[in-house]
$ cat structure_17.json   # JSON, C-alpha atoms and all ligand atoms
[["chain", "number", "residue", "atom", "x", "y", "z"],
["A", 1, "GLU", "CA", 27.18, -9.58, -14.09],
["A", 2, "ARG", "CA", 24.90, -12.59, -14.27],
["A", 3, "LYS", "CA", 23.10, -11.38, -11.14],
["A", 4, "ALA", "CA", 22.65, -7.92, -12.69],
["A", 5, "ALA", "CA", 21.14, -9.49, -15.82],
["A", 6, "LEU", "CA", 18.79, -11.65, -13.74],
["A", 7, "ASP", "CA", 17.76, -8.67, -11.63],
["A", 8, "ALA", "CA", 16.98, -6.69, -14.76],
["A", 9, "ALA", "CA", 14.70, -9.53, -15.89],
["A", 10, "SER", "CA", 12.88, -10.13, -12.64],
["A", 11, "GLY", "CA", 14.30, -8.21, -9.68],
["A", 12, "PRO", "CA", 13.46, -4.89, -8.09],
["A", 13, "GLY", "CA", 13.23, -1.81, -10.29],
["A", 14, "ALA", "CA", 16.46, 0.18, -10.53],
["A", 15, "THR", "CA", 18.54, 2.26, -12.91],
["A", 16, "SER", "CA", 21.77, 0.76, -14.27],
["A", 17, "ASP", "CA", 23.72, 2.48, -11.47],
["A", 18, "GLY", "CA", 21.49, 1.06, -8.76],
["A", 19, "HIS", "CA", 19.11, 3.92, -8.00],
["A", 20, "LYS", "CA", 16.03, 2.03, -6.79],
["A", 21, "VAL", "CA", 12.60, 2.76, -8.23],
["A", 22, "PRO", "CA", 10.09, 0.23, -6.86],
["A", 23, "LEU", "CA", 7.84, -1.15, -9.61],
["A", 24, "LEU", "CA", 4.33, -1.67, -8.30],
["A", 25, "ALA", "CA", 1.11, -2.95, -9.84],
["A", 26, "ASN", "CA", -2.23, -1.26, -10.41],
["A", 27, "VAL", "CA", -4.99, -3.69, -9.39],
["A", 28, "GLY", "CA", -8.77, -3.58, -9.27],
["A", 29, "GLY", "CA", -9.16, -6.46, -6.83],
["A", 30, "PRO", "CA", -8.05, -9.98, -5.92],
["A", 31, "ALA", "CA", -8.52, -11.21, -9.51],
["A", 32, "ASP", "CA", -5.61, -9.02, -10.66],
["A", 33, "VAL", "CA", -3.17, -10.28, -8.03],
["A", 34, "PRO", "CA", -1.76, -13.39, -9.79],
["A", 35, "ALA", "CA", -0.62, -11.37, -12.83],
["A", 36, "ALA", "CA", 0.98, -8.77, -10.56],
["A", 37, "VAL", "CA", 2.89, -11.43, -8.63],
["A", 38, "ALA", "CA", 3.95, -13.17, -11.86],
["A", 39, "ALA", "CA", 5.30, -9.89, -13.25],
["A", 40, "GLY", "CA", 7.45, -9.48, -10.14],
["A", 41, "ALA", "CA", 5.58, -6.44, -8.82],
["A", 42, "GLU", "CA", 7.16, -5.25, -5.57],
["A", 43, "GLY", "CA", 3.73, -4.47, -4.23],
["A", 44, "VAL", "CA", 0.62, -2.58, -5.25],
["A", 45, "GLY", "CA", 0.86, 1.13, -6.01],
["A", 46, "LEU", "CA", -2.82, 1.62, -6.78],
["A", 47, "PHE", "CA", -5.63, -0.62, -5.57],
["A", 48, "ARG", "CA", -8.72, 0.85, -7.19],
["A", 49, "THR", "CA", -11.41, -0.12, -4.70],
["A", 50, "GLU", "CA", -14.27, 1.01, -6.95],
["A", 51, "PHE", "CA", -14.80, -2.52, -8.34],
["A", 52, "LEU", "CA", -16.27, -3.66, -5.02],
["A", 53, "PHE", "CA", -18.82, -0.90, -5.17],
["A", 54, "LEU", "CA", -19.77, -1.21, -8.82],
["A", 55, "ASP", "CA", -21.60, -4.54, -8.29],
["A", 56, "ASP", "CA", -24.49, -2.74, -6.74],
["A", 57, "SER", "CA", -24.61, 0.98, -7.35],
["A", 58, "ALA", "CA", -27.55, 1.41, -4.94],
["A", 59, "LYS", "CA", -25.65, 0.83, -1.68],
["A", 60, "ALA", "CA", -22.18, 0.33, -0.21],
["A", 61, "PRO", "CA", -20.89, -3.26, 0.13],
["A", 62, "SER", "CA", -20.92, -4.70, 3.65],
["A", 63, "GLU", "CA", -17.83, -4.19, 5.78],
["A", 64, "GLU", "CA", -17.30, -7.99, 5.87],
["A", 65, "LYS", "CA", -17.27, -8.20, 2.09],
["A", 66, "GLN", "CA", -14.75, -5.37, 1.96],
["A", 67, "VAL", "CA", -12.49, -6.97, 4.60],
["A", 68, "GLU", "CA", -12.41, -10.20, 2.61],
["A", 69, "ALA", "CA", -11.44, -8.51, -0.67],
["A", 70, "TYR", "CA", -8.82, -6.22, 0.92],
["A", 71, "ARG", "CA", -7.28, -9.12, 2.81],
["A", 72, "GLN", "CA", -6.85, -11.20, -0.34],
["A", 73, "VAL", "CA", -4.83, -8.41, -1.95],
["A", 74, "LEU", "CA", -2.82, -7.56, 1.18],
["A", 75, "GLU", "CA", -1.88, -11.21, 1.80],
["A", 76, "ALA", "CA", -0.29, -11.53, -1.62],
["A", 77, "PHE", "CA", 2.59, -9.15, -0.90],
["A", 78, "PRO", "CA", 4.27, -10.16, 2.37],
["A", 79, "GLY", "CA", 7.03, -7.69, 3.19],
["A", 80, "GLY", "CA", 5.82, -5.43, 0.38],
["A", 81, "ARG", "CA", 3.83, -2.28, 0.12],
["A", 82, "VAL", "CA", 0.15, -2.05, -0.81],
["A", 83, "VAL", "CA", -1.32, 1.37, -1.55],
["A", 84, "VAL", "CA", -5.10, 1.31, -1.33],
["A", 85, "ARG", "CA", -7.07, 4.15, -2.78],
["A", 86, "VAL", "CA", -10.35, 4.88, -1.06],
["A", 87, "LEU", "CA", -13.41, 4.95, -3.24],
["A", 88, "ASP", "CA", -13.18, 7.22, -6.27],
["A", 89, "ALA", "CA", -16.83, 7.56, -7.24],
["A", 90, "GLY", "CA", -18.34, 10.17, -9.52],
["A", 91, "ALA", "CA", -17.55, 11.53, -12.99],
["A", 92, "ASP", "CA", -16.79, 8.45, -15.14],
["A", 93, "LYS", "CA", -17.67, 6.12, -12.18],
["A", 94, "PRO", "CA", -21.03, 7.35, -10.80],
["A", 95, "LEU", "CA", -22.67, 5.52, -7.89],
["A", 96, "ASP", "CA", -26.37, 6.08, -7.24],
["A", 97, "PHE", "CA", -26.01, 6.46, -3.48],
["A", 98, "LEU", "CA", -23.08, 8.91, -3.66],
["A", 99, "THR", "CA", -23.12, 10.85, -6.89],
["A", 100, "PRO", "CA", -25.55, 13.75, -7.41],
["A", 101, "ALA", "CA", -27.67, 13.01, -10.48],
["A", 102, "ASP", "CA", -28.05, 16.54, -11.79],
["A", 103, "GLU", "CA", -24.45, 17.73, -12.17],
["A", 104, "PRO", "CA", -23.90, 19.73, -15.36],
["A", 105, "ASN", "CA", -20.19, 18.88, -15.31],
["A", 106, "PRO", "CA", -19.56, 15.64, -13.39],
["A", 107, "ALA", "CA", -15.76, 15.70, -13.79],
["A", 108, "LEU", "CA", -15.78, 19.05, -12.00],
["A", 109, "GLY", "CA", -18.43, 18.07, -9.50],
["A", 110, "VAL", "CA", -18.73, 15.87, -6.44],
["A", 111, "ARG", "CA", -16.33, 13.01, -7.13],
["A", 112, "GLY", "CA", -13.51, 11.21, -5.34],
["A", 113, "LEU", "CA", -12.72, 12.51, -1.87],
["A", 114, "ARG", "CA", -15.44, 15.12, -2.24],
["A", 115, "SER", "CA", -18.19, 12.51, -2.27],
["A", 116, "LEU", "CA", -16.61, 10.67, 0.68],
["A", 117, "LEU", "CA", -16.47, 13.85, 2.75],
["A", 118, "ASP", "CA", -20.18, 14.33, 1.98],
["A", 119, "HIS", "CA", -20.80, 10.72, 3.12],
["A", 120, "PRO", "CA", -18.38, 10.24, 6.01],
["A", 121, "GLU", "CA", -20.02, 6.93, 7.01],
["A", 122, "VAL", "CA", -18.93, 5.38, 3.70],
["A", 123, "LEU", "CA", -15.32, 6.52, 4.19],
["A", 124, "ALA", "CA", -15.29, 5.41, 7.84],
["A", 125, "SER", "CA", -16.59, 1.97, 6.91],
["A", 126, "GLN", "CA", -13.92, 1.57, 4.25],
["A", 127, "LEU", "CA", -11.14, 2.64, 6.63],
["A", 128, "ARG", "CA", -12.40, 0.29, 9.38],
["A", 129, "ALA", "CA", -12.48, -2.56, 6.85],
["A", 130, "LEU", "CA", -8.87, -1.79, 5.87],
["A", 131, "ALA", "CA", -7.79, -1.72, 9.53],
["A", 132, "ALA", "CA", -9.42, -5.12, 10.09],
["A", 133, "ALA", "CA", -8.06, -6.60, 6.85],
["A", 134, "SER", "CA", -4.46, -5.58, 7.53],
["A", 135, "ALA", "CA", -4.38, -6.60, 11.21],
["A", 136, "GLY", "CA", -1.54, -9.04, 11.80],
["A", 137, "LEU", "CA", -0.36, -9.13, 8.20],
["A", 138, "PRO", "CA", 3.34, -8.43, 7.43],
["A", 139, "VAL", "CA", 2.56, -5.80, 4.83],
["A", 140, "TYR", "CA", 3.09, -2.05, 4.64],
["A", 141, "LEU", "CA", -0.39, -0.66, 4.17],
["A", 142, "GLU", "CA", -0.68, 2.82, 2.72],
["A", 143, "VAL", "CA", -4.02, 4.50, 2.13],
["A", 144, "MET", "CA", -4.60, 7.41, -0.21],
["A", 145, "ALA", "CA", -7.41, 9.70, -1.24],
["A", 146, "PRO", "CA", -8.33, 10.52, -4.85],
["A", 147, "MET", "CA", -8.97, 14.08, -6.03],
["A", 148, "VAL", "CA", -7.30, 15.99, -3.19],
["A", 149, "ALA", "CA", -7.44, 19.68, -4.15],
["A", 150, "ASP", "CA", -5.78, 21.42, -1.22],
["A", 151, "ARG", "CA", -4.45, 21.17, 2.32],
["A", 152, "GLN", "CA", -7.96, 21.27, 3.80],
["A", 153, "ASP", "CA", -8.90, 18.15, 1.81],
["A", 154, "ALA", "CA", -5.68, 16.41, 2.87],
["A", 155, "LYS", "CA", -6.32, 17.23, 6.54],
["A", 156, "ALA", "CA", -9.92, 16.01, 6.38],
["A", 157, "PHE", "CA", -8.71, 12.69, 4.96],
["A", 158, "ALA", "CA", -5.90, 12.30, 7.49],
["A", 159, "ASP", "CA", -8.34, 13.09, 10.33],
["A", 160, "ALA", "CA", -10.73, 10.39, 9.07],
["A", 161, "CYS", "CA", -7.87, 7.85, 8.90],
["A", 162, "ARG", "CA", -6.80, 8.68, 12.46],
["A", 163, "ALA", "CA", -10.39, 8.50, 13.72],
["A", 164, "ALA", "CA", -10.72, 4.99, 12.21],
["A", 165, "GLY", "CA", -7.61, 3.87, 14.14],
["A", 166, "LEU", "CA", -5.82, 2.90, 10.98],
["A", 167, "ALA", "CA", -2.16, 1.91, 11.40],
["A", 168, "ALA", "CA", -1.07, 2.97, 7.93],
["A", 169, "LYS", "CA", 0.63, 5.79, 6.09],
["A", 170, "PHE", "CA", -1.89, 8.30, 4.72],
["A", 171, "GLY", "CA", -1.32, 9.90, 1.34],
["A", 172, "ALA", "CA", -2.84, 12.20, -1.24],
["A", 173, "MET", "CA", -3.22, 11.66, -4.94],
["A", 174, "VAL", "CA", -2.05, 14.54, -7.07],
["A", 175, "GLU", "CA", -4.50, 14.69, -9.96],
["A", 176, "ILE", "CA", -5.63, 18.30, -9.80],
["A", 177, "PRO", "CA", -3.15, 21.04, -10.79],
["A", 178, "SER", "CA", -3.78, 22.92, -7.51],
["A", 179, "ALA", "CA", -2.42, 19.92, -5.61],
["A", 180, "ALA", "CA", 0.80, 19.89, -7.64],
["A", 181, "LEU", "CA", 1.23, 23.65, -7.29],
["A", 182, "ARG", "CA", 0.81, 23.49, -3.49],
["A", 183, "ALA", "CA", 2.25, 20.00, -2.90],
["A", 184, "ARG", "CA", 4.37, 21.21, 0.01],
["A", 185, "SER", "CA", 1.37, 22.44, 1.94],
["A", 186, "ILE", "CA", -0.48, 19.18, 1.31],
["A", 187, "LEU", "CA", 2.55, 17.31, 2.62],
["A", 188, "GLN", "CA", 2.10, 19.05, 5.97],
["A", 189, "GLU", "CA", -0.93, 16.77, 6.42],
["A", 190, "VAL", "CA", 0.02, 13.49, 4.71],
["A", 191, "GLU", "CA", 3.06, 11.25, 4.39],
["A", 192, "PHE", "CA", 3.24, 10.60, 0.66],
["A", 193, "LEU", "CA", 2.02, 11.72, -2.75],
["A", 194, "SER", "CA", 0.94, 9.66, -5.73],
["A", 195, "LEU", "CA", 0.49, 11.32, -9.10],
["A", 196, "GLY", "CA", -2.61, 10.23, -11.03],
["A", 197, "THR", "CA", -1.42, 11.42, -14.40],
["A", 198, "ASN", "CA", -4.62, 10.47, -16.22],
["A", 199, "ASP", "CA", -6.74, 12.95, -14.31],
["A", 200, "LEU", "CA", -3.86, 15.40, -13.89],
["A", 201, "ALA", "CA", -3.66, 15.63, -17.70],
["A", 202, "GLN", "CA", -7.43, 15.95, -17.98],
["A", 203, "TYR", "CA", -7.56, 18.85, -15.54],
["A", 204, "THR", "CA", -4.38, 20.56, -16.71],
["A", 205, "PHE", "CA", -5.43, 20.67, -20.35],
["A", 206, "ALA", "CA", -9.20, 20.95, -19.83],
["A", 207, "ALA", "CA", -9.43, 17.85, -22.01],
["A", 208, "ASP", "CA", -11.96, 15.17, -21.06],
["A", 209, "ARG", "CA", -10.20, 11.81, -20.77],
["A", 210, "GLN", "CA", -13.22, 10.09, -22.35],
["A", 211, "VAL", "CA", -13.30, 12.27, -25.46],
["A", 212, "GLY", "CA", -11.12, 10.91, -28.25],
["A", 213, "ALA", "CA", -11.20, 14.18, -30.17],
["A", 214, "VAL", "CA", -8.99, 15.81, -27.52],
["A", 215, "ALA", "CA", -6.63, 12.87, -27.04],
["A", 216, "ARG", "CA", -3.66, 14.97, -28.23],
["A", 217, "LEU", "CA", -3.99, 16.98, -25.02],
["A", 218, "GLN", "CA", -4.19, 13.82, -22.90],
["A", 219, "ASP", "CA", -0.70, 12.76, -24.02],
["A", 220, "PRO", "CA", 1.35, 12.24, -20.84],
["A", 221, "TRP", "CA", 4.50, 13.45, -22.63],
["A", 222, "GLN", "CA", 3.07, 16.99, -22.67],
["A", 223, "PRO", "CA", 5.78, 19.25, -21.19],
["A", 224, "ALA", "CA", 3.23, 21.10, -19.02],
["A", 225, "LEU", "CA", 2.30, 17.80, -17.37],
["A", 226, "LEU", "CA", 5.98, 17.01, -16.82],
["A", 227, "ASP", "CA", 6.41, 20.43, -15.18],
["A", 228, "LEU", "CA", 3.64, 19.59, -12.69],
["A", 229, "VAL", "CA", 5.17, 16.17, -12.00],
["A", 230, "ALA", "CA", 8.49, 17.89, -11.29],
["A", 231, "LEU", "CA", 6.83, 20.34, -8.88],
["A", 232, "ALA", "CA", 5.25, 17.52, -6.87],
["A", 233, "ALA", "CA", 8.41, 15.39, -6.86],
["A", 234, "GLU", "CA", 10.58, 18.33, -5.77],
["A", 235, "ALA", "CA", 8.14, 19.20, -2.97],
["A", 236, "ALA", "CA", 8.21, 15.61, -1.71],
["A", 237, "LYS", "CA", 12.00, 15.54, -1.79],
["A", 238, "ALA", "CA", 12.16, 18.81, 0.17],
["A", 239, "GLU", "CA", 9.85, 17.29, 2.80],
["A", 240, "GLY", "CA", 11.73, 13.97, 2.89],
["A", 241, "LYS", "CA", 8.64, 12.10, 1.63],
["A", 242, "SER", "CA", 7.88, 9.89, -1.34],
["A", 243, "CYS", "CA", 6.10, 10.76, -4.57],
["A", 244, "GLY", "CA", 5.05, 7.93, -6.89],
["A", 245, "VAL", "CA", 3.22, 7.84, -10.21],
["A", 246, "CYS", "CA", 0.23, 5.51, -10.65],
["A", 247, "GLY", "CA", -1.28, 6.87, -13.89],
["A", 248, "GLU", "CA", -0.80, 5.41, -17.36],
["A", 249, "ALA", "CA", 2.36, 7.50, -17.83],
["A", 250, "ALA", "CA", 4.29, 5.04, -15.64],
["A", 251, "ALA", "CA", 3.60, 2.20, -18.10],
["A", 252, "ASP", "CA", 5.51, 3.83, -20.98],
["A", 253, "PRO", "CA", 9.11, 2.59, -20.60],
["A", 254, "LEU", "CA", 10.86, 5.73, -21.89],
["A", 255, "LEU", "CA", 8.50, 8.02, -20.01],
["A", 256, "ALA", "CA", 9.18, 5.94, -16.87],
["A", 257, "CYS", "CA", 12.86, 6.93, -17.25],
["A", 258, "VAL", "CA", 11.83, 10.58, -17.62],
["A", 259, "LEU", "CA", 9.64, 10.37, -14.49],
["A", 260, "THR", "CA", 12.56, 8.84, -12.61],
["A", 261, "GLY", "CA", 14.73, 11.73, -13.79],
["A", 262, "LEU", "CA", 12.11, 14.18, -12.51],
["A", 263, "GLY", "CA", 12.48, 12.68, -9.03],
["A", 264, "VAL", "CA", 9.52, 10.31, -8.88],
["A", 265, "THR", "CA", 10.24, 7.59, -6.28],
["A", 266, "SER", "CA", 8.07, 4.66, -7.44],
["A", 267, "LEU", "CA", 6.12, 3.64, -10.54],
["A", 268, "SER", "CA", 2.83, 1.76, -10.54],
["A", 269, "MET", "CA", 1.22, 0.31, -13.66],
["A", 270, "GLY", "CA", -0.80, -2.54, -15.12],
["A", 271, "ALA", "CA", 1.13, -5.78, -14.49],
["A", 272, "ALA", "CA", 1.73, -6.42, -18.20],
["A", 273, "SER", "CA", 3.94, -3.33, -18.48],
["A", 274, "ILE", "CA", 6.22, -4.07, -15.52],
["A", 275, "PRO", "CA", 8.79, -6.25, -17.40],
["A", 276, "TYR", "CA", 9.23, -3.62, -20.12],
["A", 277, "VAL", "CA", 9.63, -0.76, -17.69],
["A", 278, "ARG", "CA", 12.05, -2.79, -15.57],
["A", 279, "ALA", "CA", 14.21, -3.67, -18.58],
["A", 280, "THR", "CA", 14.32, -0.11, -19.94],
["A", 281, "LEU", "CA", 15.08, 1.51, -16.58],
["A", 282, "ALA", "CA", 17.94, -0.96, -16.09],
["A", 283, "LYS", "CA", 19.64, 0.35, -19.27],
["A", 284, "TYR", "CA", 20.19, 3.93, -18.07],
["A", 285, "THR", "CA", 21.85, 5.69, -15.16],
["A", 286, "LEU", "CA", 20.00, 8.12, -12.94],
["A", 287, "ALA", "CA", 22.08, 10.94, -14.48],
["A", 288, "GLN", "CA", 20.92, 9.89, -17.96],
["A", 289, "CYS", "CA", 17.30, 9.87, -16.75],
["A", 290, "GLU", "CA", 17.81, 13.37, -15.33],
["A", 291, "ARG", "CA", 19.25, 14.59, -18.64],
["A", 292, "ALA", "CA", 16.32, 13.00, -20.49],
["A", 293, "ALA", "CA", 13.87, 14.73, -18.14],
["A", 294, "ALA", "CA", 15.53, 18.11, -18.65],
["A", 295, "ALA", "CA", 15.52, 17.60, -22.44],
["A", 296, "ALA", "CA", 11.81, 16.74, -22.43],
["A", 297, "ARG", "CA", 10.93, 19.79, -20.36],
["A", 298, "ALA", "CA", 12.91, 22.04, -22.71],
["A", 299, "THR", "CA", 10.53, 21.23, -25.60],
["A", 300, "ASP", "CA", 7.11, 22.63, -26.47],
["A", 301, "SER", "CA", 5.14, 19.53, -27.40],
["A", 302, "ALA", "CA", 4.67, 15.88, -26.55],
["A", 303, "ASP", "CA", 6.13, 14.74, -29.89],
["A", 304, "GLU", "CA", 9.20, 16.94, -29.49],
["A", 305, "ALA", "CA", 9.64, 15.69, -25.94],
["A", 306, "ARG", "CA", 9.57, 12.06, -27.12],
["A", 307, "ARG", "CA", 12.11, 12.79, -29.85],
["A", 308, "ALA", "CA", 14.38, 14.71, -27.49],
["A", 309, "VAL", "CA", 14.40, 11.85, -25.00],
["A", 310, "GLN", "CA", 15.07, 9.25, -27.70],
["A", 311, "GLY", "CA", 18.02, 11.39, -28.80],
["A", 312, "VAL", "CA", 19.45, 11.79, -25.30],
["A", 313, "LEU", "CA", 19.07, 8.12, -24.38],
["A", 314, "SER", "CA", 20.31, 6.64, -27.68],
["A", 315, "GLY", "CA", 23.18, 9.07, -28.16],
["A", 316, "GLU", "CA", 24.94, 8.16, -24.91],
["B", 401, "LIG", "C1", -5.30, 8.76, -12.61],
["B", 401, "LIG", "O1", -6.19, 9.60, -12.68],
["B", 401, "LIG", "O2", -4.20, 8.86, -13.20],
["B", 401, "LIG", "C2", -5.47, 7.54, -11.79],
["B", 401, "LIG", "C3", -4.47, 6.74, -11.52],
["B", 401, "LIG", "O3", -6.73, 7.26, -11.34],
["B", 401, "LIG", "P1", -7.94, 6.74, -12.29],
["B", 401, "LIG", "O4", -7.35, 6.44, -13.64],
["B", 401, "LIG", "O5", -8.51, 5.57, -11.60],
["B", 401, "LIG", "O6", -8.83, 7.94, -12.27],
["B", 402, "MG", "MG", -7.83, 9.54, -11.25]]

$ encode --input "structure_17.json" --output "structure tokens"
Amino acid sequence: ERKAALDAASGPGATSDGHKVPLLANVGGPADVPAAVAAGAEGVGLFRTEFLFLDDSAKAPSEEKQVEAYRQVLEAFPGGRVVVRVLDAGADKPLDFLTPADEPNPALGVRGLRSLLDHPEVLASQLRALAAASAGLPVYLEVMAPMVADRQDAKAFADACRAAGLAAKFGAMVEIPSAALRARSILQEVEFLSLGTNDLAQYTFAADRQVGAVARLQDPWQPALLDLVALAAEAAKAEGKSCGVCGEAAADPLLACVLTGLGVTSLSMGAASIPYVRATLAKYTLAQCERAAAAARATDSADEARRAVQGVLSGE
């Protein structure tokens, strides 16, 4: 009993009946690592590599500079998993050398994987730097692409990873509704999925994530968003592959239980949220999480979904 209580305070993420849900950290670079380690993160579920590129928007950082930064993050999680996202430039994170200046609608334009496929030398350099940084380290490196829309995108990314000689799992972020709808076909090309619920909400509800006036539609409890999460998680299960969440949704403790009930296999969030999510998940069984997920999906609004889940989880 004492061990169970200690585990709930600091150990690996799990439901009260022992269904494991690794709790991983979102980091922007080496500076975020100490907080992730202190929170007991089991690894990194989203390494946003943009920070390295934002210093100087006129050109890509040198491969040596990249190797150094990647290595510092990878070294911090021996035996753990580190999921690195290749550069997600464009839209809210424009880079002069990658992002077209004259886009009428940048969020729908050349961003994420699209800009890397237009500049294959930037992607290749990043993948080579990751291969060099991870060489000899006892860490499970996974590399994923942002803004994958379809199987063709997923194949182009996997081909680039193979060409760079990268010994890692390759994955696709699910942040466009088309990717959730056709998750099984994307999984023919890659080994895992990671749901970026911030962008997935933006594109599902046609609601700009930077516009406060439409924040109601950005609410990650929206049942339509939960339906898309369920589609991706079910596809991954059918293919025997994993499907994590690395958007803000994972940082909400009750929603983390709902995501677990929908079949999500890991949760990645800012380090500060990890203890709360760990403690809440440890209070409920997987069956309770599944009932909470079903109750949320049976509603017609984010507020109703929240109330339904509170009812299911407090009434049992
Ligand atoms: C997301 O879109 O949910 C995500 C994790 O990526 P970012 O917030 O960096 O766009
Ligand atoms: Mg995103």

$ atom_distance --input "structure_17.json" --atom1 "atom CA of A:Gly270" --atom2 "atom CA of A:Ala25"
5.6 Å

$ residues_around --input "structure_17.json" --residues "A:Ala31" --least-positions-apart "2" --cutoff "12 Å" --atoms "only C-alpha atoms" --output "ChimeraX atom specification"
/A:26-29,33-37,47,51-52,69-70,72-73,76

$ closest_residue --input "structure_17.json" --among "A:Gly311, A:Gly240, A:Pro12, A:Gly112" --to "ligand LIG 401 (chain B)" --atoms "only C-alpha atoms and all ligand atoms"
A:Gly112

$ residues_around --input "structure_17.json" --residues "A:Met269" --least-positions-apart "2" --cutoff "7 Å" --atoms "all atoms listed in the file" --output "number ranges by chain"
A: 24-26, 246, 248, 250-251, 267, 271, 273-274

$ closest_residue --input "structure_17.json" --among "A:Arg182, A:Arg71, A:Arg81, A:Lys169" --to "A:Glu234" --atoms "only C-alpha atoms"
A:Arg182
